[in-house]
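Structure file coords-v2.pdb; described as PDB, C-alpha atoms.
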```pdb
ATOM      1  CA  LEU A 783       0.000   0.000   0.000
ATOM      2  CA  PRO A 784       1.127   3.609  -0.486
ATOM      3  CA  ASP A 785       2.434   5.175   2.726
ATOM      4  CA  SER A 786      -0.666   7.350   2.982
ATOM      5  CA  VAL A 787      -3.087   4.400   2.750
ATOM      6  CA  THR A 788      -3.893   1.884   5.482
ATOM      7  CA  ALA A 789      -6.012  -1.276   5.476
ATOM      8  CA  GLN A 790      -8.815   0.777   7.037
ATOM      9  CA  ASP A 791      -8.909   2.986   3.918
ATOM     10  CA  ILE A 792      -9.679   0.078   1.558
ATOM     11  CA  VAL A 793     -13.338  -0.067   0.609
ATOM     12  CA  LEU A 794     -13.391  -3.149  -1.599
ATOM     13  CA  VAL A 795     -11.086  -6.105  -2.279
ATOM     14  CA  MET A 796     -11.422  -8.007  -5.537
ATOM     15  CA  ALA A 797      -9.847 -11.440  -5.047
ATOM     16  CA  LEU A 798      -9.158 -14.109  -7.676
ATOM     17  CA  CYS A 799      -8.230 -17.326  -5.897
ATOM     18  CA  PRO A 800      -6.486 -20.570  -6.922
ATOM     19  CA  CYS A 801      -8.323 -23.837  -7.373
ATOM     20  CA  ASN A 802      -7.630 -27.279  -5.834
ATOM     21  CA  MET A 803      -6.222 -25.967  -2.568
ATOM     22  CA  PRO A 804      -6.282 -28.327   0.472
ATOM     23  CA  PHE A 805      -8.883 -26.182   2.265
ATOM     24  CA  ALA A 806     -12.422 -24.939   1.751
ATOM     25  CA  GLY A 807     -13.242 -21.852  -0.284
ATOM     26  CA  ASP A 808     -14.493 -20.260   2.949
ATOM     27  CA  THR A 809     -10.843 -19.811   3.962
ATOM     28  CA  TYR A 810     -10.421 -17.019   1.424
ATOM     29  CA  ALA A 811     -13.352 -15.020   2.777
ATOM     30  CA  ASP A 812     -12.356 -15.647   6.410
ATOM     31  CA  LEU A 813      -8.696 -14.745   5.855
ATOM     32  CA  LEU A 814      -9.323 -11.520   3.957
ATOM     33  CA  SER A 815     -12.063 -10.452   6.358
ATOM     34  CA  GLY A 816      -9.692 -11.044   9.276
ATOM     35  CA  LEU A 817      -7.009  -8.851   7.732
ATOM     36  CA  ALA A 818      -9.417  -5.994   7.009
ATOM     37  CA  PRO A 819     -12.692  -6.480   8.921
ATOM     38  CA  ALA A 820     -14.471  -3.491   7.400
ATOM     39  CA  VAL A 821     -13.711  -4.462   3.789
ATOM     40  CA  THR A 822     -16.260  -6.061   1.465
ATOM     41  CA  LEU A 823     -15.180  -8.754  -0.989
ATOM     42  CA  LEU A 824     -15.979  -9.684  -4.550
ATOM     43  CA  GLY A 825     -14.257 -12.457  -6.434
ATOM     44  CA  GLY A 826     -14.089 -16.147  -7.119
ATOM     45  CA  VAL A 827     -12.065 -19.329  -7.415
ATOM     46  CA  ALA A 828     -10.343 -20.056 -10.725
ATOM     47  CA  SER A 829     -12.039 -22.496 -13.087
ATOM     48  CA  ASP A 830     -11.559 -24.022 -16.538
ATOM     49  CA  ASP A 831     -13.612 -26.318 -18.779
ATOM     50  CA  TYR A 832     -14.528 -28.611 -15.903
ATOM     51  CA  ASP A 833     -11.534 -30.804 -15.040
ATOM     52  CA  TYR A 834      -9.989 -27.935 -12.976
ATOM     53  CA  GLU A 835      -6.457 -29.166 -13.680
ATOM     54  CA  ARG A 836      -5.680 -26.150 -15.868
ATOM     55  CA  ALA A 837      -7.303 -23.492 -13.697
ATOM     56  CA  ARG A 838      -4.901 -20.580 -13.199
ATOM     57  CA  VAL A 839      -4.782 -17.101 -11.671
ATOM     58  CA  PHE A 840      -3.146 -14.384 -13.772
ATOM     59  CA  LEU A 841      -1.347 -11.256 -12.573
ATOM     60  CA  SER A 842       1.085  -8.924 -14.366
ATOM     61  CA  GLY A 843       1.719 -11.286 -17.254
ATOM     62  CA  ARG A 844       2.321 -14.398 -15.146
ATOM     63  CA  GLU A 845       0.158 -17.387 -14.310
ATOM     64  CA  TYR A 846      -0.175 -18.971 -10.867
ATOM     65  CA  LYS A 847      -1.589 -22.312  -9.781
ATOM     66  CA  ASP A 848      -1.265 -21.776  -6.014
ATOM     67  CA  SER A 849      -1.439 -18.008  -5.463
ATOM     68  CA  MET A 850      -4.217 -15.463  -5.035
ATOM     69  CA  ALA A 851      -4.348 -12.165  -6.912
ATOM     70  CA  ALA A 852      -6.084  -9.338  -5.060
ATOM     71  CA  VAL A 853      -6.870  -5.724  -5.904
ATOM     72  CA  GLY A 854      -7.605  -3.240  -3.126
ATOM     73  CA  ILE A 855      -9.807  -0.294  -4.061
ATOM     74  CA  PHE A 856      -9.846   2.822  -1.908
ATOM     75  CA  GLY A 857     -10.949   6.420  -2.201
ATOM     76  CA  ALA A 858     -14.332   8.024  -2.852
ATOM     77  CA  VAL A 859     -16.064   4.908  -4.150
ATOM     78  CA  ARG A 860     -19.441   3.574  -3.039
ATOM     79  CA  PRO A 861     -19.759  -0.075  -4.109
ATOM     80  CA  VAL A 862     -23.182  -1.690  -4.057
ATOM     81  CA  PHE A 863     -23.713  -5.458  -4.226
ATOM     82  CA  ALA A 864     -26.342  -7.970  -5.227
ATOM     83  CA  MET A 865     -26.317 -11.745  -4.886
ATOM     84  CA  LEU A 866     -29.064 -14.261  -5.500
ATOM     85  CA  HIS A 867     -29.386 -18.010  -5.097
ATOM     86  CA  VAL A 868     -31.868 -20.159  -6.920
ATOM     87  CA  THR A 869     -34.295 -21.504  -4.349
ATOM     88  CA  SER A 870     -36.570 -24.049  -6.036
ATOM     89  CA  ARG A 871     -36.368 -26.933  -3.588
ATOM     90  CA  PHE A 872     -37.804 -30.109  -2.127
ATOM     91  CA  ALA A 873     -39.220 -28.519   1.035
ATOM     92  CA  GLU A 874     -40.493 -31.740   2.615
ATOM     93  CA  ARG A 875     -37.004 -33.011   3.617
ATOM     94  CA  ILE A 876     -35.466 -30.101   5.534
ATOM     95  CA  ARG A 877     -33.138 -31.626   8.134
ATOM     96  CA  ARG A 878     -30.361 -30.423  10.436
ATOM     97  CA  VAL A 879     -26.749 -31.382   9.780
ATOM     98  CA  THR A 880     -25.904 -33.580  12.790
ATOM     99  CA  ARG A 881     -22.371 -34.796  11.966
ATOM    100  CA  ALA A 882     -19.855 -32.879   9.858
ATOM    101  CA  GLU A 883     -16.214 -31.776   9.865
ATOM    102  CA  GLY A 884     -15.316 -28.863   7.604
ATOM    103  CA  THR A 885     -16.410 -29.811   4.095
ATOM    104  CA  VAL A 886     -17.285 -33.430   4.990
ATOM    105  CA  VAL A 887     -20.910 -34.184   5.896
ATOM    106  CA  ARG A 888     -21.508 -37.538   7.557
ATOM    107  CA  GLN A 889     -25.056 -37.324   8.824
ATOM    108  CA  VAL A 890     -28.167 -35.232   8.164
ATOM    109  CA  GLY A 891     -30.907 -35.832  10.705
ATOM    110  CA  ASP A 892     -30.696 -39.535  11.538
ATOM    111  CA  GLU A 893     -29.468 -40.575   8.061
ATOM    112  CA  THR A 894     -26.060 -40.737   6.445
ATOM    113  CA  PHE A 895     -25.642 -38.038   3.830
ATOM    114  CA  VAL A 896     -25.920 -40.600   1.011
ATOM    115  CA  GLU A 897     -29.167 -41.916   2.531
ATOM    116  CA  TYR A 898     -30.432 -38.343   2.800
ATOM    117  CA  LEU A 899     -29.856 -37.833  -0.945
ATOM    118  CA  GLN A 900     -31.494 -41.143  -1.779
ATOM    119  CA  GLY A 901     -34.552 -40.022   0.178
ATOM    120  CA  PHE A 902     -35.142 -37.413  -2.565
ATOM    121  CA  GLY A 903     -35.212 -40.205  -5.167
ATOM    122  CA  LEU A 904     -31.727 -39.271  -6.406
ATOM    123  CA  ASN A 905     -29.301 -41.894  -7.741
ATOM    124  CA  THR A 906     -26.066 -41.682  -5.739
ATOM    125  CA  ASP A 907     -24.174 -44.448  -7.586
ATOM    126  CA  VAL A 908     -22.634 -42.116 -10.173
ATOM    127  CA  PRO A 909     -19.045 -41.865 -11.470
ATOM    128  CA  ASP A 910     -18.828 -38.053 -11.173
ATOM    129  CA  PRO A 911     -20.958 -36.648  -8.321
ATOM    130  CA  LEU A 912     -19.864 -33.057  -8.961
ATOM    131  CA  LEU A 913     -21.275 -33.204 -12.484
ATOM    132  CA  ALA A 914     -24.247 -35.425 -11.610
ATOM    133  CA  PHE A 915     -25.412 -33.162  -8.769
ATOM    134  CA  THR A 916     -24.639 -29.760 -10.305
ATOM    135  CA  SER A 917     -28.386 -29.170 -10.640
ATOM    136  CA  TYR A 918     -28.976 -30.348  -7.037
ATOM    137  CA  PRO A 919     -26.922 -28.162  -4.666
ATOM    138  CA  MET A 920     -27.598 -28.098  -0.931
ATOM    139  CA  MET A 921     -29.013 -24.977   0.678
ATOM    140  CA  LEU A 922     -27.866 -24.263   4.240
ATOM    141  CA  THR A 923     -29.585 -22.019   6.738
ATOM    142  CA  ARG A 924     -27.095 -21.346   9.508
ATOM    143  CA  ASN A 925     -27.861 -21.652  13.218
ATOM    144  CA  GLU A 926     -28.704 -17.994  13.663
ATOM    145  CA  GLY A 927     -31.375 -18.225  10.963
ATOM    146  CA  ASN A 928     -31.318 -14.544   9.984
ATOM    147  CA  GLU A 929     -28.523 -14.540   7.424
ATOM    148  CA  THR A 930     -28.822 -15.179   3.692
ATOM    149  CA  PRO A 931     -28.593 -18.981   3.246
ATOM    150  CA  LEU A 932     -25.475 -20.560   1.760
ATOM    151  CA  MET A 933     -25.418 -22.823  -1.296
ATOM    152  CA  ARG A 934     -23.049 -25.777  -1.457
ATOM    153  CA  HIS A 935     -22.156 -28.021  -4.402
ATOM    154  CA  ILE A 936     -21.549 -31.721  -3.753
ATOM    155  CA  ALA A 937     -17.971 -32.545  -4.804
ATOM    156  CA  SER A 938     -17.818 -36.293  -4.038
ATOM    157  CA  LEU A 939     -19.619 -39.146  -2.283
ATOM    158  CA  ASN A 940     -18.257 -42.033  -0.231
ATOM    159  CA  GLN A 941     -20.564 -44.999  -0.677
ATOM    160  CA  ALA A 942     -18.699 -47.011   1.966
ATOM    161  CA  ASP A 943     -19.399 -44.691   4.916
ATOM    162  CA  GLY A 944     -22.263 -42.660   3.426
ATOM    163  CA  SER A 945     -20.495 -39.292   3.662
ATOM    164  CA  GLY A 946     -20.337 -36.454   1.177
ATOM    165  CA  VAL A 947     -17.692 -33.805   0.494
ATOM    166  CA  PHE A 948     -18.604 -30.254  -0.503
ATOM    167  CA  LEU A 949     -16.733 -27.312  -2.053
ATOM    168  CA  GLY A 950     -17.373 -25.206   1.054
ATOM    169  CA  ASN A 951     -17.709 -25.772   4.777
ATOM    170  CA  VAL A 952     -20.963 -27.181   6.142
ATOM    171  CA  PRO A 953     -21.548 -26.236   9.810
ATOM    172  CA  VAL A 954     -23.095 -28.701  12.239
ATOM    173  CA  GLY A 955     -26.580 -27.593  13.257
ATOM    174  CA  ALA A 956     -27.368 -25.820   9.984
ATOM    175  CA  GLN A 957     -30.680 -26.662   8.342
ATOM    176  CA  ALA A 958     -30.108 -28.468   5.049
ATOM    177  CA  ASN A 959     -32.263 -28.921   1.993
ATOM    178  CA  ILE A 960     -31.548 -30.083  -1.542
ATOM    179  CA  CYS A 961     -32.499 -27.652  -4.313
ATOM    180  CA  MET A 962     -33.539 -28.482  -7.852
ATOM    181  CA  ILE A 963     -32.348 -25.906 -10.380
ATOM    182  CA  SER A 964     -33.640 -25.404 -13.921
ATOM    183  CA  LYS A 965     -32.531 -23.129 -16.755
ATOM    184  CA  GLU A 966     -35.618 -21.002 -16.148
ATOM    185  CA  ASN A 967     -34.654 -20.608 -12.465
ATOM    186  CA  LEU A 968     -31.199 -19.368 -13.451
ATOM    187  CA  ALA A 969     -32.472 -16.834 -15.967
ATOM    188  CA  GLU A 970     -34.967 -15.341 -13.531
ATOM    189  CA  ALA A 971     -32.386 -15.210 -10.726
ATOM    190  CA  CYS A 972     -30.029 -13.351 -13.058
ATOM    191  CA  ARG A 973     -32.722 -10.777 -13.844
ATOM    192  CA  GLU A 974     -33.779 -10.363 -10.216
ATOM    193  CA  SER A 975     -30.223  -9.886  -8.979
ATOM    194  CA  MET A 976     -29.429  -7.339 -11.693
ATOM    195  CA  ARG A 977     -32.630  -5.451 -10.865
ATOM    196  CA  SER A 978     -31.664  -5.448  -7.187
ATOM    197  CA  LEU A 979     -28.206  -4.100  -8.027
ATOM    198  CA  LEU A 980     -29.544  -1.275 -10.186
ATOM    199  CA  GLU A 981     -32.103  -0.364  -7.536
ATOM    200  CA  ALA A 982     -29.372  -0.165  -4.871
ATOM    201  CA  ALA A 983     -27.269   2.022  -7.162
ATOM    202  CA  ARG A 984     -30.193   4.387  -7.818
ATOM    203  CA  GLY A 985     -30.742   4.717  -4.086
ATOM    204  CA  GLU A 986     -27.091   5.589  -3.497
ATOM    205  CA  GLN A 987     -27.095   8.069  -6.371
ATOM    206  CA  GLY A 988     -30.186   9.750  -4.982
ATOM    207  CA  GLU A 989     -28.604  10.174  -1.553
ATOM    208  CA  SER A 990     -25.053  11.150  -2.525
ATOM    209  CA  GLY A 991     -25.042  12.017  -6.220
ATOM    210  CA  TYR A 992     -22.318   9.397  -6.797
ATOM    211  CA  GLU A 993     -21.999   8.358 -10.452
ATOM    212  CA  TYR A 994     -21.510   4.649 -11.186
ATOM    213  CA  SER A 995     -19.495   3.466 -14.184
ATOM    214  CA  THR A 996     -18.820  -0.292 -13.985
ATOM    215  CA  ILE A 997     -20.524  -3.555 -13.038
ATOM    216  CA  PHE A 998     -18.488  -6.621 -12.101
ATOM    217  CA  CYS A 999     -20.265  -9.981 -12.220
ATOM    218  CA  ILE A1000     -19.007 -13.327 -10.902
ATOM    219  CA  SER A1001     -21.264 -16.260 -11.717
ATOM    220  CA  CYS A1002     -20.817 -19.915 -10.759
ATOM    221  CA  CYS A1003     -19.506 -22.224 -13.495
ATOM    222  CA  GLY A1004     -22.150 -24.709 -12.329
ATOM    223  CA  ARG A1005     -24.750 -22.321 -13.706
ATOM    224  CA  ALA A1006     -23.057 -22.431 -17.119
ATOM    225  CA  ILE A1007     -23.087 -26.243 -16.983
ATOM    226  CA  ILE A1008     -26.814 -26.271 -16.201
ATOM    227  CA  LEU A1009     -27.501 -23.823 -19.047
ATOM    228  CA  GLY A1010     -25.647 -26.139 -21.452
ATOM    229  CA  ARG A1011     -25.910 -25.024 -25.057
ATOM    230  CA  ASP A1012     -27.609 -21.832 -23.915
ATOM    231  CA  ALA A1013     -24.647 -20.872 -21.712
ATOM    232  CA  ASP A1014     -24.780 -17.286 -23.004
ATOM    233  CA  ALA A1015     -28.248 -16.762 -21.494
ATOM    234  CA  GLU A1016     -26.945 -14.776 -18.517
ATOM    235  CA  GLY A1017     -24.772 -12.640 -20.784
ATOM    236  CA  ARG A1018     -27.749 -11.788 -23.001
ATOM    237  CA  ILE A1019     -29.907 -10.856 -20.002
ATOM    238  CA  LEU A1020     -27.231  -8.594 -18.535
ATOM    239  CA  THR A1021     -26.585  -6.922 -21.884
ATOM    240  CA  GLU A1022     -30.294  -6.172 -22.284
ATOM    241  CA  MET A1023     -30.526  -4.712 -18.762
ATOM    242  CA  LEU A1024     -27.232  -2.792 -18.789
ATOM    243  CA  PRO A1025     -27.819   0.966 -18.423
ATOM    244  CA  PRO A1026     -26.306   3.246 -21.095
ATOM    245  CA  GLY A1027     -22.729   4.284 -20.379
ATOM    246  CA  ILE A1028     -22.081   1.463 -17.850
ATOM    247  CA  ALA A1029     -19.291  -1.056 -18.513
ATOM    248  CA  LEU A1030     -19.747  -4.748 -17.669
ATOM    249  CA  ALA A1031     -17.001  -7.260 -16.858
ATOM    250  CA  GLY A1032     -16.955 -10.630 -15.163
ATOM    251  CA  ALA A1033     -16.279 -14.347 -15.248
ATOM    252  CA  TYR A1034     -17.549 -17.787 -14.361
ATOM    253  CA  CYS A1035     -15.798 -19.184 -11.279
ATOM    254  CA  LEU A1036     -15.745 -22.352  -9.158
ATOM    255  CA  GLY A1037     -17.233 -20.580  -6.148
ATOM    256  CA  GLU A1038     -17.982 -16.915  -5.536
ATOM    257  CA  LEU A1039     -16.948 -14.365  -2.900
ATOM    258  CA  CYS A1040     -19.593 -11.782  -2.079
ATOM    259  CA  PRO A1041     -21.032 -10.138   1.042
ATOM    260  CA  THR A1042     -24.402 -11.226   2.369
ATOM    261  CA  HIS A1043     -26.697  -9.304   4.695
ATOM    262  CA  TRP A1044     -28.179 -10.193   8.056
ATOM    263  CA  GLU A1045     -31.381  -8.808   9.443
ATOM    264  CA  GLY A1046     -30.573  -5.370  10.785
ATOM    265  CA  GLY A1047     -28.061  -4.574   8.043
ATOM    266  CA  GLN A1048     -24.928  -6.381   9.266
ATOM    267  CA  VAL A1049     -22.714  -7.523   6.380
ATOM    268  CA  ALA A1050     -20.626 -10.713   6.265
ATOM    269  CA  ASN A1051     -18.237 -11.805   3.511
ATOM    270  CA  ARG A1052     -19.066 -15.353   2.418
ATOM    271  CA  PHE A1053     -18.009 -18.060  -0.013
ATOM    272  CA  HIS A1054     -20.906 -19.221  -2.192
ATOM    273  CA  ASN A1055     -21.662 -21.877  -4.794
ATOM    274  CA  CYS A1056     -24.206 -21.864  -7.631
ATOM    275  CA  SER A1057     -24.852 -18.128  -7.181
ATOM    276  CA  ILE A1058     -24.607 -15.016  -9.326
ATOM    277  CA  THR A1059     -22.939 -12.041  -7.657
ATOM    278  CA  PHE A1060     -22.623  -8.391  -8.638
ATOM    279  CA  CYS A1061     -20.722  -5.303  -7.588
ATOM    280  CA  MET A1062     -21.319  -1.859  -9.096
ATOM    281  CA  LEU A1063     -18.697   0.851  -8.747
TER
END
```

Mind turning this structure into structure tokens?
Amino acid sequence: LPDSVTAQDIVLVMALCPCNMPFAGDTYADLLSGLAPAVTLLGGVASDDYDYERARVFLSGREYKDSMAAVGIFGAVRPVFAMLHVTSRFAERIRRVTRAEGTVVRQVGDETFVEYLQGFGLNTDVPDPLLAFTSYPMMLTRNEGNETPLMRHIASLNQADGSGVFLGNVPVGAQANICMISKENLAEACRESMRSLLEAARGEQGESGYEYSTIFCISCCGRAIILGRDADAEGRILTEMLPPGIALAGAYCLGELCPTHWEGGQVANRFHNCSITFCML
């Protein structure tokens, strides 16, 4: 940082994080929030065309497989955010997570995690659970119950002990439910989140007169997989809704970093899956 700038002066951190690290994606949000508690985050985990062996982070003409690139933004900027999950779900099987360690879930209610999935009529004997269950992420409502729920993609299943591994941490005691996501769900969520972002920006402009110029969008690569041949659907929607004179940039990532809001206005930086996130500056 320049000598005249401290961590307290940074308003926003944009973080692009490496893939295949031996820890959950939540670590990025927790670490950066610990270094600068008042800072809000936007970013994601590097991805590729689905095998994740070639995922890289780029900075200053070099590529990195195990390093994070971060940009700190400070000064007279007023970022606004929007983030939306897709919430179509099987509401009749909401259960609490009763046994879990980090990203590994062993038991939901009185069933193993594999049994819990089978209770929805889902086939768990699949060669690639991450691909097979892309359209069926798990929604988590944390203990406190007043924060935006978290979405978690299933990364792998262990048929021997009935456990499942996720891309993010799954806290014991959280209420779990499996969601079913369609292309129509994704398109509507994209529109709703963009509308929410533009509404927040208009409110800030009305109060302060601040002029916005750029929208950054990080969307989950799982959404692109679900969209299939119509993978440009989100891009078309955003282009149609983009206000005149506003630039748009973004990427698909294997997990998204974006703040969520609690009742009462408190903000917490979180790691998400299967979500579309926005920041307008």

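Here CA of Val795 (chain A) and CA of Ser1001 (chain A) stand 17.2 Å from one another.
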
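Closest to Ser786 (chain A) among A:Thr885, A:Met921, A:Gly826, A:Gly857 is A:Gly857, based on all atoms listed in the file.
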
Could you tell me how far CA of Val879 (chain A) lies from CA of Val952 (chain A), in Å and to one decimal? 8.0 Å

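Of the listed residues (A:Pro953, A:Gly891, A:Gly1004, A:Pro931), A:Gly1004 comes nearest to Ser829 (chain A); the distances count all atoms listed in the file.
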
Expansion of the PyMOL selection byres ((chain A and resi 889) around 12) into residues, as a PyMOL selection string: chain A and resi 877-883+886-888+890-899+943-947+952-956+958

Could you list the residues chosen by the PyMOL selection byres ((chain A and resi 966) around 12) in this structure as a PyMOL selection string? chain A and resi 868-870+962-965+967-973+1005+1008-1009+1012+1015-1016

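A straight line drawn from CA of Asp1014 (chain A) to CA of Ser975 (chain A) is 16.8 Å long.
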
Neighbour list for Ile792 (chain A) as a PyMOL selection string, cut-off 12 Å, all atoms listed in the file, skip fewer than 2 positions in-chain: chain A and resi 783-784+786-790+794-796+814-815+817-823+853-861

Expanded to explicit residues, what is the PyMOL selection byres ((chain A and resi 846) around 12) for this file, as a compact mmCIF listing (two decimals) with C-alpha atoms, keeping the file's coordinate frame?
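Result written to selection12.txt:
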```
# COMPACT_ATOMS: atom_id res chain seq x y z
CA LEU A 798 -9.16 -14.11 -7.68
CA CYS A 799 -8.23 -17.33 -5.90
CA PRO A 800 -6.49 -20.57 -6.92
CA CYS A 801 -8.32 -23.84 -7.37
CA ALA A 828 -10.34 -20.06 -10.72
CA ARG A 836 -5.68 -26.15 -15.87
CA ALA A 837 -7.30 -23.49 -13.70
CA ARG A 838 -4.90 -20.58 -13.20
CA VAL A 839 -4.78 -17.10 -11.67
CA PHE A 840 -3.15 -14.38 -13.77
CA LEU A 841 -1.35 -11.26 -12.57
CA SER A 842 1.08 -8.92 -14.37
CA GLY A 843 1.72 -11.29 -17.25
CA ARG A 844 2.32 -14.40 -15.15
CA GLU A 845 0.16 -17.39 -14.31
CA LYS A 847 -1.59 -22.31 -9.78
CA ASP A 848 -1.26 -21.78 -6.01
CA SER A 849 -1.44 -18.01 -5.46
CA MET A 850 -4.22 -15.46 -5.04
CA ALA A 851 -4.35 -12.16 -6.91
```

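Proximity to Pro909 (chain A) was assessed for A:Asn940, A:Asn1051, A:Ser1057, A:Thr809 counting all atoms listed in the file; the smallest distance is recorded for A:Asn940.
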
I'd like to know which of A:Ala983, A:Cys1003, A:Ala1013, A:Ile1019 is closest to Asn1055 (chain A), using all atoms listed in the file.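 Answer, going by the shortest atom-to-atom distance: A:Cys1003.
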
Compare A:Ala1029, A:Leu932, A:Ala852, A:Ala864 by their minimum atom-to-atom distance to Tyr994 (chain A), counting all atoms listed in the file, and give me the closest one.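 Closest to Tyr994 (chain A), using all atoms listed in the file: A:Ala1029.
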
From the options A:Gly1017, A:Gly1037, A:Pro911, A:Gly901, which residue's atoms come nearest to Ala797 (chain A), counting all atoms listed in the file?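 Ranked by minimum distance to Ala797 (chain A), first place goes to A:Gly1037.
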
For Asp808 (chain A), please output as a list in words all residues within 8 Å (counting only C-alpha atoms; exclusion window: fewer than 3 positions along the same chain). Ala811, Asp812, Gly950, Asn951, Arg1052 and Phe1053 of chain A

Hey, could you pull the box centre and edge lengths for region 880-895 of chain A, axis-aligned, 6 Å padding per side, all listed atoms, to one decimal in Å, as AutoDock Vina command-line options?
```
--center_x -23.1 --center_y -34.8 --center_z 8.3 --size_x 27.6 --size_y 23.9 --size_z 21.0
```

Can you rebuild region 876-888 of chain A with N, CA, C and O atoms and give it as a short mmCIF file (atom, residue, chain, number, x, y, z; two decimals), keeping the file's coordinate frame?
```
data_model
loop_
_atom_site.label_atom_id
_atom_site.label_comp_id
_atom_site.auth_asym_id
_atom_site.auth_seq_id
_atom_site.Cartn_x
_atom_site.Cartn_y
_atom_site.Cartn_z
N ILE A 876 -36.39 -30.98 4.82
CA ILE A 876 -35.47 -30.10 5.53
C ILE A 876 -35.02 -30.82 6.81
O ILE A 876 -35.84 -31.26 7.61
N ARG A 877 -33.70 -30.94 6.97
CA ARG A 877 -33.14 -31.63 8.13
C ARG A 877 -31.93 -30.83 8.64
O ARG A 877 -31.30 -30.09 7.89
N ARG A 878 -31.57 -31.05 9.90
CA ARG A 878 -30.36 -30.42 10.44
C ARG A 878 -29.15 -31.31 10.18
O ARG A 878 -29.24 -32.54 10.26
N VAL A 879 -28.02 -30.66 9.90
CA VAL A 879 -26.75 -31.38 9.78
C VAL A 879 -26.31 -31.78 11.19
O VAL A 879 -26.12 -30.93 12.05
N THR A 880 -26.20 -33.09 11.44
CA THR A 880 -25.90 -33.58 12.79
C THR A 880 -24.46 -34.04 12.97
O THR A 880 -23.96 -34.05 14.09
N ARG A 881 -23.79 -34.42 11.88
CA ARG A 881 -22.37 -34.80 11.97
C ARG A 881 -21.65 -34.27 10.74
O ARG A 881 -22.01 -34.61 9.60
N ALA A 882 -20.63 -33.44 10.96
CA ALA A 882 -19.86 -32.88 9.86
C ALA A 882 -18.54 -32.35 10.39
O ALA A 882 -18.45 -31.93 11.55
N GLU A 883 -17.51 -32.39 9.54
CA GLU A 883 -16.21 -31.78 9.86
C GLU A 883 -15.75 -31.00 8.64
O GLU A 883 -15.42 -31.61 7.62
N GLY A 884 -15.76 -29.68 8.73
CA GLY A 884 -15.32 -28.86 7.60
C GLY A 884 -16.22 -29.06 6.40
O GLY A 884 -17.42 -28.78 6.43
N THR A 885 -15.65 -29.60 5.33
CA THR A 885 -16.41 -29.81 4.10
C THR A 885 -17.05 -31.19 4.03
O THR A 885 -17.78 -31.49 3.07
N VAL A 886 -16.78 -32.05 5.01
CA VAL A 886 -17.28 -33.43 4.99
C VAL A 886 -18.56 -33.53 5.82
O VAL A 886 -18.56 -33.20 7.02
N VAL A 887 -19.64 -33.99 5.20
CA VAL A 887 -20.91 -34.18 5.90
C VAL A 887 -21.14 -35.68 6.05
O VAL A 887 -21.17 -36.42 5.06
N ARG A 888 -21.32 -36.11 7.29
CA ARG A 888 -21.51 -37.54 7.56
C ARG A 888 -22.97 -37.89 7.82
O ARG A 888 -23.43 -38.96 7.44
#
```
